[in-house]
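Okay, upload.tsv now, which holds TSV, C-alpha atoms:
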```
chain	number	residue	atom	x	y	z
A	1227	MET	CA	-61.60	-92.49	-210.43
A	1228	LYS	CA	-63.21	-95.57	-211.98
A	1229	ASP	CA	-62.86	-96.67	-215.58
A	1230	VAL	CA	-66.13	-96.75	-217.53
A	1231	TYR	CA	-67.12	-99.27	-220.19
A	1232	ILE	CA	-70.02	-99.69	-222.59
A	1233	THR	CA	-70.75	-103.38	-222.01
A	1234	ARG	CA	-74.06	-103.71	-223.87
A	1235	ILE	CA	-75.79	-101.77	-226.61
A	1236	ALA	CA	-79.25	-102.11	-228.18
A	1237	LYS	CA	-81.56	-100.31	-230.58
A	1238	PHE	CA	-85.29	-100.34	-231.22
A	1239	LEU	CA	-86.71	-99.18	-234.55
A	1240	PRO	CA	-90.53	-99.43	-234.60
A	1241	ASN	CA	-92.58	-101.29	-237.21
A	1242	ASP	CA	-91.47	-101.88	-240.80
A	1243	PRO	CA	-89.07	-99.58	-242.68
A	1244	ILE	CA	-90.78	-96.81	-244.66
A	1245	ASP	CA	-89.42	-95.98	-248.11
A	1246	ASN	CA	-89.54	-92.54	-249.72
A	1247	GLU	CA	-92.79	-93.16	-251.58
A	1248	GLN	CA	-94.62	-94.21	-248.40
A	1249	MET	CA	-93.66	-91.20	-246.32
A	1250	GLU	CA	-96.43	-88.82	-247.35
A	1251	GLU	CA	-99.04	-91.57	-246.97
A	1252	LYS	CA	-97.88	-92.10	-243.37
A	1253	LEU	CA	-97.54	-88.43	-242.41
A	1254	GLY	CA	-100.48	-87.14	-244.42
A	1255	ILE	CA	-100.96	-84.62	-247.21
A	1256	ILE	CA	-101.20	-80.93	-246.32
A	1257	ASN	CA	-103.93	-78.86	-247.98
A	1258	GLY	CA	-104.87	-81.77	-250.26
A	1259	LYS	CA	-101.70	-81.42	-252.33
A	1260	ASN	CA	-98.59	-83.55	-252.56
A	1261	SER	CA	-95.49	-81.79	-251.30
A	1262	LYS	CA	-93.17	-80.17	-253.84
A	1263	ALA	CA	-90.45	-79.87	-251.21
A	1264	ARG	CA	-90.38	-83.61	-250.41
A	1265	ARG	CA	-88.45	-84.76	-253.48
A	1266	ILE	CA	-85.97	-81.90	-253.17
A	1267	VAL	CA	-85.22	-82.66	-249.53
A	1268	LEU	CA	-85.01	-86.42	-250.11
A	1269	ARG	CA	-82.72	-85.99	-253.12
A	1270	ASN	CA	-80.31	-84.07	-250.90
A	1271	ASN	CA	-80.49	-86.16	-247.74
A	1272	GLN	CA	-80.33	-89.51	-249.66
A	1273	ILE	CA	-82.22	-91.34	-246.91
A	1274	LYS	CA	-83.83	-94.43	-248.46
A	1275	THR	CA	-85.71	-95.91	-245.49
A	1276	ARG	CA	-86.68	-94.81	-242.00
A	1277	TYR	CA	-89.03	-95.92	-239.20
A	1278	TYR	CA	-92.22	-94.42	-237.78
A	1279	ALA	CA	-94.19	-95.36	-234.68
A	1280	ILE	CA	-97.29	-95.47	-236.89
A	1281	ASP	CA	-98.94	-98.68	-238.11
A	1282	ASP	CA	-100.47	-99.45	-241.51
A	1283	SER	CA	-103.82	-98.08	-240.36
A	1284	GLY	CA	-102.31	-94.77	-239.25
A	1285	ASN	CA	-102.51	-95.61	-235.55
A	1286	ILE	CA	-99.73	-94.57	-233.19
A	1287	THR	CA	-97.92	-97.67	-231.89
A	1288	HIS	CA	-95.48	-96.18	-229.35
A	1289	ASN	CA	-94.86	-92.91	-227.62
A	1290	ASN	CA	-91.28	-91.76	-227.00
A	1291	ALA	CA	-91.04	-93.23	-223.50
A	1292	GLN	CA	-92.28	-96.59	-224.78
A	1293	LEU	CA	-89.73	-96.61	-227.60
A	1294	THR	CA	-87.02	-95.98	-225.00
A	1295	LYS	CA	-88.32	-98.72	-222.73
A	1296	GLU	CA	-88.14	-101.20	-225.62
A	1297	ALA	CA	-84.46	-100.46	-226.28
A	1298	ILE	CA	-83.63	-100.76	-222.57
A	1299	GLU	CA	-85.36	-104.12	-222.28
A	1300	LEU	CA	-83.32	-105.36	-225.25
A	1301	LEU	CA	-80.18	-104.66	-223.19
A	1302	CYS	CA	-81.33	-107.04	-220.49
A	1303	ASP	CA	-81.34	-110.78	-219.99
A	1304	ASP	CA	-81.29	-113.26	-217.09
A	1305	THR	CA	-77.87	-112.05	-215.92
A	1306	PHE	CA	-78.74	-108.35	-215.97
A	1307	THR	CA	-82.38	-107.34	-215.57
A	1308	THR	CA	-84.06	-103.95	-215.49
A	1309	LYS	CA	-84.16	-104.26	-211.69
A	1310	ASP	CA	-80.35	-104.20	-211.62
A	1311	ILE	CA	-80.17	-100.69	-213.16
A	1312	GLU	CA	-78.80	-98.13	-210.68
A	1313	LEU	CA	-79.06	-94.97	-212.82
A	1314	LEU	CA	-81.33	-94.18	-215.76
A	1315	SER	CA	-80.27	-91.26	-218.00
A	1316	CYS	CA	-82.46	-90.53	-221.03
A	1317	GLY	CA	-81.99	-87.82	-223.66
A	1318	THR	CA	-84.41	-86.76	-226.41
A	1319	SER	CA	-85.44	-83.81	-228.59
A	1320	SER	CA	-89.07	-84.87	-228.60
A	1321	PRO	CA	-90.42	-85.69	-225.11
A	1322	ASP	CA	-94.03	-86.77	-224.96
A	1323	GLN	CA	-94.96	-83.88	-222.70
A	1324	ILE	CA	-93.44	-80.80	-221.06
A	1325	LEU	CA	-93.71	-82.36	-217.58
A	1326	PRO	CA	-92.94	-84.91	-216.10
A	1327	SER	CA	-89.45	-85.47	-217.46
A	1328	HIS	CA	-88.75	-88.00	-220.20
A	1329	ALA	CA	-86.62	-90.25	-217.96
A	1330	SER	CA	-89.37	-90.27	-215.32
A	1331	MET	CA	-91.87	-91.48	-217.91
A	1332	VAL	CA	-89.47	-94.20	-219.11
A	1333	HIS	CA	-88.96	-95.28	-215.51
A	1334	GLY	CA	-92.72	-95.44	-215.11
A	1335	PHE	CA	-92.97	-97.94	-217.97
A	1336	LEU	CA	-90.04	-100.02	-216.71
A	1337	LYS	CA	-91.54	-100.44	-213.20
A	1338	ASN	CA	-88.17	-101.67	-212.00
A	1339	GLY	CA	-87.81	-100.24	-208.50
A	1340	ASN	CA	-86.27	-97.12	-207.02
A	1341	LEU	CA	-83.34	-95.53	-208.87
A	1342	GLU	CA	-81.91	-92.16	-209.90
A	1343	VAL	CA	-83.20	-90.62	-213.15
A	1344	ASN	CA	-81.73	-87.88	-215.32
A	1345	SER	CA	-83.34	-86.12	-218.30
A	1346	PRO	CA	-81.05	-83.93	-220.42
A	1347	SER	CA	-83.01	-81.59	-222.69
A	1348	GLY	CA	-81.93	-80.28	-226.07
A	1349	ALA	CA	-81.70	-81.80	-229.53
A	1350	CYS	CA	-79.24	-84.38	-230.92
A	1351	CYS	CA	-76.66	-83.77	-228.17
A	1352	SER	CA	-79.19	-84.73	-225.49
A	1353	GLY	CA	-78.38	-88.41	-226.07
A	1354	MET	CA	-74.68	-87.73	-225.64
A	1355	ASN	CA	-75.39	-85.62	-222.56
A	1356	ALA	CA	-77.33	-88.56	-221.14
A	1357	LEU	CA	-74.30	-90.74	-221.82
A	1358	LYS	CA	-71.93	-88.26	-220.18
A	1359	TYR	CA	-74.03	-88.10	-217.01
A	1360	GLY	CA	-73.80	-91.89	-216.66
A	1361	PHE	CA	-70.10	-91.84	-217.56
A	1362	LEU	CA	-69.30	-89.27	-214.85
A	1363	ALA	CA	-71.49	-90.97	-212.23
A	1364	ILE	CA	-69.65	-94.26	-212.65
A	1365	LYS	CA	-66.26	-92.56	-212.90
A	1366	ALA	CA	-66.91	-90.80	-209.59
A	1367	GLY	CA	-67.92	-94.09	-207.95
A	1368	GLN	CA	-71.50	-93.02	-207.21
A	1369	VAL	CA	-72.96	-96.01	-209.06
A	1370	SER	CA	-71.54	-99.18	-210.56
A	1371	ASN	CA	-73.82	-99.18	-213.62
A	1372	ALA	CA	-75.98	-96.83	-215.65
A	1373	VAL	CA	-78.33	-97.18	-218.59
A	1374	CYS	CA	-78.14	-94.22	-220.98
A	1375	THR	CA	-80.44	-93.66	-223.92
A	1376	GLY	CA	-81.21	-91.45	-226.87
A	1377	SER	CA	-84.62	-91.57	-228.53
A	1378	GLU	CA	-87.01	-89.69	-230.79
A	1379	ARG	CA	-90.69	-89.94	-231.70
A	1380	THR	CA	-91.00	-87.05	-234.15
A	1381	SER	CA	-93.43	-88.61	-236.63
A	1382	THR	CA	-96.48	-87.32	-234.77
A	1383	TRP	CA	-94.93	-83.83	-234.71
A	1384	MET	CA	-94.82	-84.01	-238.51
A	1385	LYS	CA	-98.30	-85.35	-239.27
A	1386	SER	CA	-100.36	-83.18	-241.61
A	1387	ASP	CA	-103.00	-82.27	-239.04
A	1388	ILE	CA	-100.34	-80.35	-237.06
A	1389	PHE	CA	-100.13	-77.87	-239.94
A	1390	GLU	CA	-103.72	-77.81	-241.23
A	1391	ASN	CA	-104.86	-74.99	-238.95
A	1392	GLU	CA	-102.02	-72.79	-240.13
A	1393	VAL	CA	-102.78	-73.53	-243.79
A	1394	GLU	CA	-106.47	-72.80	-243.24
A	1395	HIS	CA	-105.52	-69.49	-241.65
A	1396	LEU	CA	-103.23	-68.70	-244.61
A	1397	LYS	CA	-106.12	-69.38	-247.00
A	1398	GLU	CA	-107.97	-66.48	-245.43
A	1399	LEU	CA	-105.03	-64.21	-246.25
A	1400	GLU	CA	-103.89	-65.36	-249.69
A	1401	ASP	CA	-105.00	-67.41	-252.69
A	1402	ASN	CA	-102.07	-69.83	-252.76
A	1403	PRO	CA	-101.05	-70.71	-249.19
A	1404	ILE	CA	-97.69	-72.47	-248.91
A	1405	LEU	CA	-96.30	-73.80	-245.66
A	1406	ALA	CA	-92.96	-72.17	-244.85
A	1407	PHE	CA	-90.03	-74.33	-245.97
A	1408	ASN	CA	-88.42	-74.14	-242.53
A	1409	LYS	CA	-91.44	-76.08	-241.19
A	1410	GLU	CA	-91.91	-78.54	-244.05
A	1411	PHE	CA	-88.17	-79.29	-244.39
A	1412	LEU	CA	-88.01	-81.36	-241.20
A	1413	ARG	CA	-91.06	-83.47	-242.19
A	1414	TRP	CA	-88.81	-85.27	-244.69
A	1415	MET	CA	-85.72	-85.39	-242.47
A	1416	LEU	CA	-86.68	-86.91	-239.11
A	1417	SER	CA	-87.82	-90.34	-237.96
A	1418	ASP	CA	-88.46	-92.49	-234.89
A	1419	GLY	CA	-86.36	-94.91	-232.85
A	1420	SER	CA	-84.29	-95.43	-229.73
A	1421	GLY	CA	-80.91	-96.66	-228.64
A	1422	ALA	CA	-79.56	-97.67	-225.23
A	1423	VAL	CA	-76.22	-98.56	-223.69
A	1424	LEU	CA	-75.28	-100.19	-220.41
A	1425	LEU	CA	-72.30	-98.60	-218.71
A	1426	GLU	CA	-70.35	-100.53	-216.07
A	1427	SER	CA	-67.14	-100.05	-214.14
A	1428	GLU	CA	-65.71	-103.40	-215.28
A	1429	PRO	CA	-65.38	-104.69	-218.86
A	1430	LYS	CA	-67.46	-107.73	-219.85
A	1431	GLY	CA	-67.25	-109.51	-223.19
A	1432	ILE	CA	-66.70	-107.10	-226.06
A	1433	ALA	CA	-66.61	-103.77	-224.23
A	1434	LEU	CA	-65.89	-100.19	-225.26
A	1435	LYS	CA	-63.92	-98.14	-222.76
A	1436	ILE	CA	-64.94	-94.48	-222.71
A	1437	GLU	CA	-61.62	-92.65	-222.61
A	1438	TRP	CA	-63.13	-89.16	-222.56
A	1439	MET	CA	-66.14	-87.05	-223.49
A	1440	GLU	CA	-66.28	-83.37	-224.41
A	1441	GLY	CA	-68.99	-80.84	-225.26
A	1442	TYR	CA	-69.00	-77.34	-226.76
A	1443	SER	CA	-71.71	-74.71	-227.27
A	1444	TYR	CA	-71.68	-71.74	-229.63
A	1445	ALA	CA	-74.94	-70.24	-228.32
A	1446	PHE	CA	-72.96	-67.25	-227.03
A	1447	GLU	CA	-72.44	-66.12	-230.63
A	1448	MET	CA	-75.08	-67.93	-232.70
A	1449	GLU	CA	-78.83	-67.37	-232.87
A	1450	THR	CA	-81.30	-70.24	-232.77
A	1451	CYS	CA	-81.39	-72.53	-235.81
A	1452	MET	CA	-83.76	-75.40	-234.89
A	1453	TYR	CA	-86.64	-74.90	-232.48
A	1454	ALA	CA	-90.11	-75.99	-231.37
A	1455	GLY	CA	-92.65	-74.41	-229.06
A	1456	ALA	CA	-91.75	-70.90	-230.17
A	1457	ASP	CA	-91.70	-68.50	-233.10
A	1458	LYS	CA	-88.55	-66.84	-234.40
A	1459	LEU	CA	-88.76	-63.06	-234.64
A	1460	GLU	CA	-87.10	-60.74	-237.15
A	1461	ASN	CA	-84.37	-59.89	-234.63
A	1462	GLY	CA	-83.45	-63.59	-234.27
A	1463	HIS	CA	-84.94	-63.97	-230.79
A	1464	LEU	CA	-87.45	-66.68	-229.92
A	1465	LYS	CA	-90.89	-65.77	-228.62
A	1466	PRO	CA	-92.14	-68.80	-226.61
A	1467	TRP	CA	-95.57	-70.38	-227.04
A	1468	SER	CA	-96.51	-69.28	-223.50
A	1469	GLU	CA	-96.43	-65.62	-224.62
A	1470	TYR	CA	-98.97	-66.20	-227.41
A	1471	PRO	CA	-102.75	-66.46	-226.95
A	1472	ALA	CA	-103.99	-70.05	-227.20
A	1473	GLU	CA	-105.79	-69.39	-230.52
A	1474	ASP	CA	-102.40	-68.62	-232.13
A	1475	TRP	CA	-100.81	-71.91	-231.14
A	1476	ALA	CA	-102.38	-73.76	-234.08
A	1477	LYS	CA	-102.48	-70.79	-236.48
A	1478	LYS	CA	-98.71	-70.46	-236.24
A	1479	SER	CA	-97.91	-74.19	-235.80
A	1480	LEU	CA	-95.96	-73.14	-232.73
A	1481	PHE	CA	-95.39	-76.70	-231.56
A	1482	ALA	CA	-94.02	-77.90	-234.90
A	1483	MET	CA	-90.25	-78.37	-235.22
A	1484	LYS	CA	-88.69	-75.79	-237.50
A	1485	GLN	CA	-85.23	-75.19	-238.90
A	1486	ASP	CA	-83.53	-72.09	-240.28
A	1487	VAL	CA	-82.02	-73.87	-243.27
A	1488	LYS	CA	-79.83	-70.94	-244.35
A	1489	LEU	CA	-78.28	-70.56	-240.89
A	1490	LEU	CA	-77.74	-74.34	-240.75
A	1491	GLY	CA	-75.88	-74.49	-244.06
A	1492	GLU	CA	-73.66	-71.53	-243.27
A	1493	ASN	CA	-72.47	-72.67	-239.84
A	1494	ILE	CA	-73.02	-76.30	-238.87
A	1495	LEU	CA	-69.84	-77.67	-240.47
A	1496	GLY	CA	-67.44	-74.86	-239.63
A	1497	LYS	CA	-68.37	-74.84	-235.96
A	1498	GLY	CA	-68.34	-78.63	-235.92
A	1499	VAL	CA	-64.77	-78.91	-237.13
A	1500	ASP	CA	-63.67	-76.01	-234.91
A	1501	SER	CA	-64.99	-77.83	-231.82
A	1502	LEU	CA	-63.56	-81.16	-233.01
A	1503	LYS	CA	-60.11	-79.58	-233.18
A	1504	MET	CA	-60.51	-78.24	-229.63
A	1505	ALA	CA	-61.37	-81.72	-228.34
A	1506	MET	CA	-58.52	-83.36	-230.23
A	1507	ASN	CA	-56.01	-80.75	-229.10
A	1508	LYS	CA	-57.13	-81.02	-225.48
A	1509	HIS	CA	-56.56	-84.78	-225.50
A	1510	GLN	CA	-53.52	-84.65	-227.79
A	1511	ILE	CA	-54.79	-86.95	-230.50
A	1512	THR	CA	-54.67	-86.69	-234.29
A	1513	THR	CA	-56.76	-88.33	-236.99
A	1514	ALA	CA	-54.13	-91.09	-237.09
A	1515	ASP	CA	-55.09	-92.08	-233.54
A	1516	PHE	CA	-58.59	-93.44	-234.29
A	1517	ASP	CA	-59.74	-96.26	-236.56
A	1518	TYR	CA	-63.42	-95.39	-236.88
A	1519	TYR	CA	-65.07	-92.00	-237.25
A	1520	LEU	CA	-68.82	-91.92	-236.53
A	1521	PRO	CA	-70.23	-88.50	-237.44
A	1522	HIS	CA	-73.94	-87.94	-236.91
A	1523	ILE	CA	-75.08	-85.96	-239.93
A	1524	SER	CA	-78.69	-85.14	-240.73
A	1525	SER	CA	-78.24	-85.51	-244.48
A	1526	TYR	CA	-75.74	-86.98	-246.93
A	1527	TYR	CA	-75.78	-83.50	-248.41
A	1528	PHE	CA	-73.31	-82.63	-245.64
A	1529	LYS	CA	-71.02	-85.66	-246.03
A	1530	GLU	CA	-68.73	-84.41	-248.81
A	1531	ASN	CA	-68.86	-80.88	-247.40
A	1532	LEU	CA	-67.84	-82.14	-243.95
A	1533	TYR	CA	-64.91	-84.01	-245.47
A	1534	GLU	CA	-63.80	-80.87	-247.29
A	1535	GLU	CA	-64.17	-78.74	-244.13
A	1536	LEU	CA	-62.10	-81.24	-242.14
A	1537	LYS	CA	-59.46	-81.10	-244.86
A	1538	ARG	CA	-59.59	-77.30	-245.00
A	1539	GLN	CA	-59.03	-77.00	-241.26
A	1540	GLY	CA	-56.16	-79.49	-241.26
A	1541	VAL	CA	-57.88	-82.54	-239.72
A	1542	GLU	CA	-58.69	-84.62	-242.80
A	1543	VAL	CA	-60.26	-88.00	-241.94
A	1544	PRO	CA	-59.71	-90.65	-244.65
A	1545	TRP	CA	-62.95	-92.07	-246.05
A	1546	GLU	CA	-62.06	-95.62	-244.96
A	1547	LYS	CA	-62.47	-94.55	-241.32
A	1548	TRP	CA	-66.03	-93.24	-241.76
A	1549	PHE	CA	-68.99	-95.34	-240.58
A	1550	MET	CA	-72.61	-94.22	-241.07
A	1551	ASN	CA	-76.01	-95.86	-241.52
A	1552	LEU	CA	-78.19	-92.79	-242.18
A	1553	SER	CA	-79.54	-94.05	-245.52
A	1554	LYS	CA	-81.04	-97.18	-243.88
A	1555	VAL	CA	-82.34	-95.95	-240.52
A	1556	GLY	CA	-82.95	-92.25	-241.17
A	1557	ASN	CA	-82.13	-89.28	-238.97
A	1558	VAL	CA	-83.16	-90.40	-235.49
A	1559	GLY	CA	-81.79	-87.30	-233.75
A	1560	ALA	CA	-80.58	-88.07	-230.24
A	1561	ALA	CA	-80.77	-91.82	-230.96
A	1562	SER	CA	-78.68	-91.71	-234.13
A	1563	ILE	CA	-75.26	-92.10	-232.51
A	1564	PHE	CA	-76.47	-95.05	-230.41
A	1565	VAL	CA	-78.02	-96.76	-233.44
A	1566	MET	CA	-74.85	-96.16	-235.46
A	1567	LEU	CA	-72.60	-97.54	-232.74
A	1568	GLU	CA	-74.86	-100.57	-232.24
A	1569	GLU	CA	-74.51	-101.47	-235.92
A	1570	LEU	CA	-70.73	-101.04	-235.85
A	1571	VAL	CA	-70.40	-103.26	-232.77
A	1572	GLY	CA	-72.70	-105.85	-234.32
A	1573	SER	CA	-70.78	-105.88	-237.61
A	1574	GLY	CA	-68.03	-108.07	-236.18
A	1575	GLN	CA	-65.30	-105.92	-237.71
A	1576	LEU	CA	-64.02	-104.37	-234.48
A	1577	LYS	CA	-60.85	-105.74	-232.94
A	1578	LYS	CA	-59.20	-105.20	-229.59
A	1579	GLY	CA	-57.37	-101.91	-229.38
A	1580	ASP	CA	-59.42	-100.15	-232.09
A	1581	LYS	CA	-60.24	-96.52	-231.34
A	1582	ILE	CA	-63.61	-94.94	-232.17
A	1583	LEU	CA	-64.43	-91.24	-232.31
A	1584	LEU	CA	-68.09	-90.19	-231.95
A	1585	HIS	CA	-68.98	-86.74	-233.32
A	1586	VAL	CA	-72.49	-85.39	-232.67
A	1587	PRO	CA	-73.64	-81.92	-233.76
A	1588	GLU	CA	-76.82	-80.19	-232.68
A	1589	SER	CA	-78.14	-77.37	-234.82
A	1590	ALA	CA	-80.64	-76.06	-232.23
A	1591	ARG	CA	-78.16	-73.38	-231.19
A	1592	PHE	CA	-74.98	-75.04	-232.40
A	1593	SER	CA	-73.70	-77.47	-229.77
A	1594	TYR	CA	-71.32	-80.39	-230.33
A	1595	SER	CA	-70.49	-83.51	-228.32
A	1596	TYR	CA	-67.61	-85.97	-228.63
A	1597	ALA	CA	-66.64	-89.33	-227.17
A	1598	TYR	CA	-63.43	-91.34	-227.64
A	1599	LEU	CA	-63.71	-95.10	-227.18
A	1600	THR	CA	-61.29	-98.04	-227.06
A	1601	VAL	CA	-62.35	-101.58	-227.97
A	1602	CYS	CA	-61.42	-103.96	-225.14
```
Please go through the file and, once you have read it, give me the structure as structure tokens.
Amino acid sequence: MKDVYITRIAKFLPNDPIDNEQMEEKLGIINGKNSKARRIVLRNNQIKTRYYAIDDSGNITHNNAQLTKEAIELLCDDTFTTKDIELLSCGTSSPDQILPSHASMVHGFLKNGNLEVNSPSGACCSGMNALKYGFLAIKAGQVSNAVCTGSERTSTWMKSDIFENEVEHLKELEDNPILAFNKEFLRWMLSDGSGAVLLESEPKGIALKIEWMEGYSYAFEMETCMYAGADKLENGHLKPWSEYPAEDWAKKSLFAMKQDVKLLGENILGKGVDSLKMAMNKHQITTADFDYYLPHISSYYFKENLYEELKRQGVEVPWEKWFMNLSKVGNVGAASIFVMLEELVGSGQLKKGDKILLHVPESARFSYSYAYLTVC
């Protein structure tokens, strides 16, 4: 079995950073009224700036596949070009279309010759699943390099016109129509961007050896928490868009991303620490065995609570090991862990032998992914 190294890492965050007061201008006002939920959500998540693939005139500047292509091209130079890529593995929560696959569309923009493509679906873990596919392919000796990505372009999913039909329909039914919080919540949480890594079987320069990767799903016992393209019924099941008449698609905002906030708060941390302990026990490590802890969290609201849950379950991670950049770049879903790792590598503070633990939760139906890295 081959060793696998992250030898290059890049990120692409579109356009200028957007502060909290610019968000509603970019995404649009629903029903002619400023959102009351916005300040509540932003106070909790403590995100200060984020990025949207929308220009100052409101025009869309990139789709998801184009954002991903930009990050991949930033990996390359004269010594390693896009034509040298043997495997392309791209994860996202927000593909531009149902078919073709996201990785196929990225490949179409790269125009870099014949290669294998892989498109993991899902939410935040899709980026880690893309990484694991490349990791295993190199480890098995099938390829000598792979480019793995995580990306999101959720801004257009959150624009006001997505919800206007539903609000207009609600007006017919009641005097004071209010968009359900589980739909509006994510408008103030998610943003756009992409990250990419080059995996190779030999270390070059400052490289990160992937020691192991693990994944866990709790879908067998948990109902859906975050979803799109469906409606959640009283019994907790999802009814997909394809089972609704076309006139209901807009009335119910079926293609908007939604989150069951109560279910999220009650379970995301407990299951996250439970799965972390399984991964650590399997590989016989303790919190003393890593120098940097990179948890992807959607909101700083969860930071203190995650620390307390780690402590409660006997795996306390000292604050000096934590590294996050959520407040500056926003919650970029599947791209977040790549963007976080890129900043850590670029900080210059890593030294040979340092150990890094990546921890990525996905609230869609409660999945968790982990990677353990060594600085070479």
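Compared by their closest atoms to Asn1338 (chain A), and using all atoms listed in the file, the residues A:Lys1577, A:Cys1350, A:Lys1358, A:Ile1311 rank with A:Ile1311 nearest.
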Which polymer residues have any atom within 9 Å of an atom of Thr1380 (chain A), counting all atoms listed in the file, with same-chain residues fewer than 4 positions away left out, as a list of chain:residue names?
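Once the nearby chain positions are removed, what remains is A:Tyr1278, A:Ala1279, A:Asn1290, A:Ser1319, A:Ser1320, A:Met1384, A:Arg1413, A:Leu1416, A:Ser1417, A:Asp1418, A:Met1483, A:Val1558.
If you look at CA of His1328 (chain A) and CA of Leu1412 (chain A), they are 22.0 Å away from each other.
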Nearby residues (only C-alpha atoms) at most 10 Å from Leu1434 (chain A), same-chain spacing under 3 positions excluded, as a VMD selection string = chain A and resid 1230 to 1234 1425 1429 to 1431 1437 1571 1578 to 1582 1598 to 1602
Put those residues in a file: C-alpha atoms, as a compact mmCIF listing (two decimals), in the coordinates of the input.
```txt
# COMPACT_ATOMS: atom_id res chain seq x y z
CA VAL A 1230 -66.13 -96.75 -217.53
CA TYR A 1231 -67.12 -99.27 -220.19
CA ILE A 1232 -70.02 -99.69 -222.59
CA THR A 1233 -70.75 -103.38 -222.01
CA ARG A 1234 -74.06 -103.71 -223.87
CA LEU A 1425 -72.30 -98.60 -218.71
CA PRO A 1429 -65.38 -104.69 -218.86
CA LYS A 1430 -67.46 -107.73 -219.85
CA GLY A 1431 -67.25 -109.51 -223.19
CA GLU A 1437 -61.62 -92.65 -222.61
CA VAL A 1571 -70.40 -103.26 -232.77
CA LYS A 1578 -59.20 -105.20 -229.59
CA GLY A 1579 -57.37 -101.91 -229.38
CA ASP A 1580 -59.42 -100.15 -232.09
CA LYS A 1581 -60.24 -96.52 -231.34
CA ILE A 1582 -63.61 -94.94 -232.17
CA TYR A 1598 -63.43 -91.34 -227.64
CA LEU A 1599 -63.71 -95.10 -227.18
CA THR A 1600 -61.29 -98.04 -227.06
CA VAL A 1601 -62.35 -101.58 -227.97
CA CYS A 1602 -61.42 -103.96 -225.14
```
**Report entry** For Ser1345 (chain A): contacts at 8 Å, all atoms listed in the file, fewer than 4 positions along chain excluded, given as a ChimeraX atom specification
**Finding:** /A:1315-1317,1327-1330,1356
Exercise. Which residues come within 8 Å of region 1361-1369 of chain A, counting only C-alpha atoms, excluding same-chain residues fewer than 5 positions away, as a PyMOL selection string?
Worked result: chain A and resi 1227-1230+1312-1313+1425-1427+1436
